[in-house]
Amino acid sequence: MRENDPVTSATDPPLPAVTRLIATDLDGTLLRDDKTLSDRTTAALAAAEEAGIEVFFVTGRPARWMDVVSPHVQSHGMAICGNGAAVADLRDGRLLKVYPLDRTIALAVVDLLREAAPGVSFAVELTTGIHYEPAYPPFHMDPGATVALAEKLLHEEAPGAGTPVLKVLAHHTELAPDAFLTLAREVAGDRASFTRSSPTALLEISALGVSKAATLAACCAERGIAPAEVVAFGDMPNDVEMLSWAGASFAMGNAHPAAVAAASGVTLTNDEDGVAVVIERILATH
């Protein structure tokens, strides 16, 4: 199966005896391709929380880009953002926890990737917004961004002080996405965590050990929720650890092969309400 080729049917692996938390990615998973939630999915999320099941949005997006789902949170309003680098309260936009990337380490990773992948360009995602290099694809959602070399952006404040760095993004116009990810992990995987969620060669670089799974595990431990009581959904390499960690997990019908391999089952595509299909099955036996 090629990346993101649709899967035409869903499988029915066993669900947890008790489901206490649903963890779902957003883009390519919960959201349709037009970045909206269907009425069926909205109803399923509300019904899950009404049944006492917590719903966590677990995404690579920063908290400020969560308005697409903020109106649909029910009792808690919590989200894990930046691939695990932050936990946000969507009701007021506050970051409750941050797992930052050290600026000195980020600079070292930038140097290593410039040498290993000539032509790479970078963006720096801070807790306050994103800033990027002149060659980096511009972020139209952040018109106030500073445009400068990554070395300058990372030196704007003293390492270890000031605004936390959530992640660094690295973009390449020529390398294949998975090849770029493999290369980055080979040259700098001992310095930071590398993943990707875009169909292009765009890497997301977080502090070593930071992932959706690690932060989700910490949030669940605080609530006394075991992995066996969690059902997770995802579609891309940045979901792999979470899909492997959860007691039951579903890759979308449009998922990357790595996500399919990590999950315990496959549901329908994001445009076919694949998450809602499974939530409805959970609720039918809840």
# chains A, B, ... in the order shown; residues from 1 in each chain; ligands from 1

call {"tool": "select_by_dssp", "arguments": {"residues": "stretch 2-164 of chain A", "states": "helix (DSSP H, G or I)", "output": "MDAnalysis selection string"}}
result
chainID A and resid 26:30 39:50 63:65 70:72 82:84 103:116 150:155

call {"tool": "residues_around", "arguments": {"residues": "A:Val230", "least_positions_apart": "6", "cutoff": "6 Å", "atoms": "only C-alpha atoms", "output": "ChimeraX atom specification"}}
result
/A:19,21-22,246-247

call {"tool": "write_last_selection", "arguments": {"atoms": "C-alpha atoms", "output": "short mmCIF file (atom, residue, chain, number, x, y, z; two decimals), in the first residue's frame"}}
result
data_model
loop_
_atom_site.label_atom_id
_atom_site.label_comp_id
_atom_site.auth_asym_id
_atom_site.auth_seq_id
_atom_site.Cartn_x
_atom_site.Cartn_y
_atom_site.Cartn_z
CA THR A 19 -13.06 2.42 27.54
CA LEU A 21 -10.51 7.69 27.26
CA ILE A 22 -10.50 8.27 23.50
CA ALA A 246 -3.02 2.45 23.54
CA GLY A 247 -4.86 -0.71 24.48
#

call {"tool": "residues_around", "arguments": {"residues": "stretch 231-233 of chain A", "least_positions_apart": "2", "cutoff": "8 Å", "atoms": "only C-alpha atoms", "output": "PyMOL selection string"}}
result
chain A and resi 15-16+19+21-25+29+229+235+239+242-243+246-252+275

call {"tool": "closest_residue", "arguments": {"among": "A:Glu186, A:Asp12, A:Glu174, A:Glu125", "to": "A:Asn83", "atoms": "only C-alpha atoms"}}
result
A:Glu125

call {"tool": "atom_distance", "arguments": {"atom1": "atom CA of A:Glu222", "atom2": "atom CA of A:Ala44"}}
result
25.2 Å

call {"tool": "residues_around", "arguments": {"residues": "A:Ala47", "least_positions_apart": "3", "cutoff": "10 Å", "atoms": "only C-alpha atoms", "output": "PyMOL selection string"}}
result
chain A and resi 41-44+50-53+74+279-280+283

call {"tool": "residues_around", "arguments": {"residues": "A:Cys81", "least_positions_apart": "5", "cutoff": "12 Å", "atoms": "only C-alpha atoms", "output": "ChimeraX atom specification"}}
result
/A:24-26,56-66,86-90,93-99,125,127,166-167,206,210-213,215-216,238

call {"tool": "select_by_dssp", "arguments": {"residues": "stretch 140-259 of chain A", "states": "strand (DSSP E or B)", "output": "NGL selection string"}}
result
:A and (147 or 165-171 or 192-196 or 202-207 or 230-234 or 248-251)

call {"tool": "atom_distance", "arguments": {"atom1": "atom CA of A:Tyr132", "atom2": "atom CA of A:Ala170"}}
result
9.9 Å

call {"tool": "closest_residue", "arguments": {"among": "A:Asp102, A:Gly77, A:Ile225, A:Val168", "to": "A:Gly129", "atoms": "only C-alpha atoms"}}
result
A:Val168

call {"tool": "closest_residue", "arguments": {"among": "A:Leu126, A:His256, A:Val278, A:Leu113", "to": "A:Thr182", "atoms": "only C-alpha atoms"}}
result
A:Leu113

call {"tool": "closest_residue", "arguments": {"among": "A:Pro138, A:Ser197, A:Gly119, A:Val187", "to": "A:Leu175", "atoms": "only C-alpha atoms"}}
result
A:Gly119

call {"tool": "closest_residue", "arguments": {"among": "A:Leu149, A:Ala263, A:Asn270, A:Ile282", "to": "A:Gly28", "atoms": "only C-alpha atoms"}}
result
A:Asn270

call {"tool": "residues_around", "arguments": {"residues": "A:Arg40", "least_positions_apart": "6", "cutoff": "9 Å", "atoms": "only C-alpha atoms", "output": "PyMOL selection string"}}
result
chain A and resi 273+276-277

call {"tool": "atom_distance", "arguments": {"atom1": "atom CA of A:Arg196", "atom2": "atom CA of A:Val120"}}
result
14.9 Å

call {"tool": "closest_residue", "arguments": {"among": "A:Gly253, A:Gly274, A:Gly82, A:Pro177", "to": "A:Ile205", "atoms": "only C-alpha atoms"}}
result
A:Gly82

call {"tool": "residues_around", "arguments": {"residues": "A:Ala262", "least_positions_apart": "5", "cutoff": "8 Å", "atoms": "only C-alpha atoms", "output": "CSV table (one decimal) with N, CA and C atoms, in the first residue's frame"}}
result
chain,number,residue,atom,x,y,z
A,240,VAL,N,2.4,7.0,15.5
A,240,VAL,CA,2.8,5.7,15.6
A,240,VAL,C,3.0,5.3,17.1
A,241,GLU,N,3.7,6.1,17.9
A,241,GLU,CA,3.9,5.7,19.3
A,241,GLU,C,2.6,5.7,20.0
A,243,LEU,N,-0.4,5.0,18.8
A,243,LEU,CA,-1.2,3.9,18.4
A,243,LEU,C,-0.6,2.6,19.0
A,244,SER,N,0.7,2.5,19.2
A,244,SER,CA,1.3,1.4,19.8
A,244,SER,C,1.0,1.3,21.3
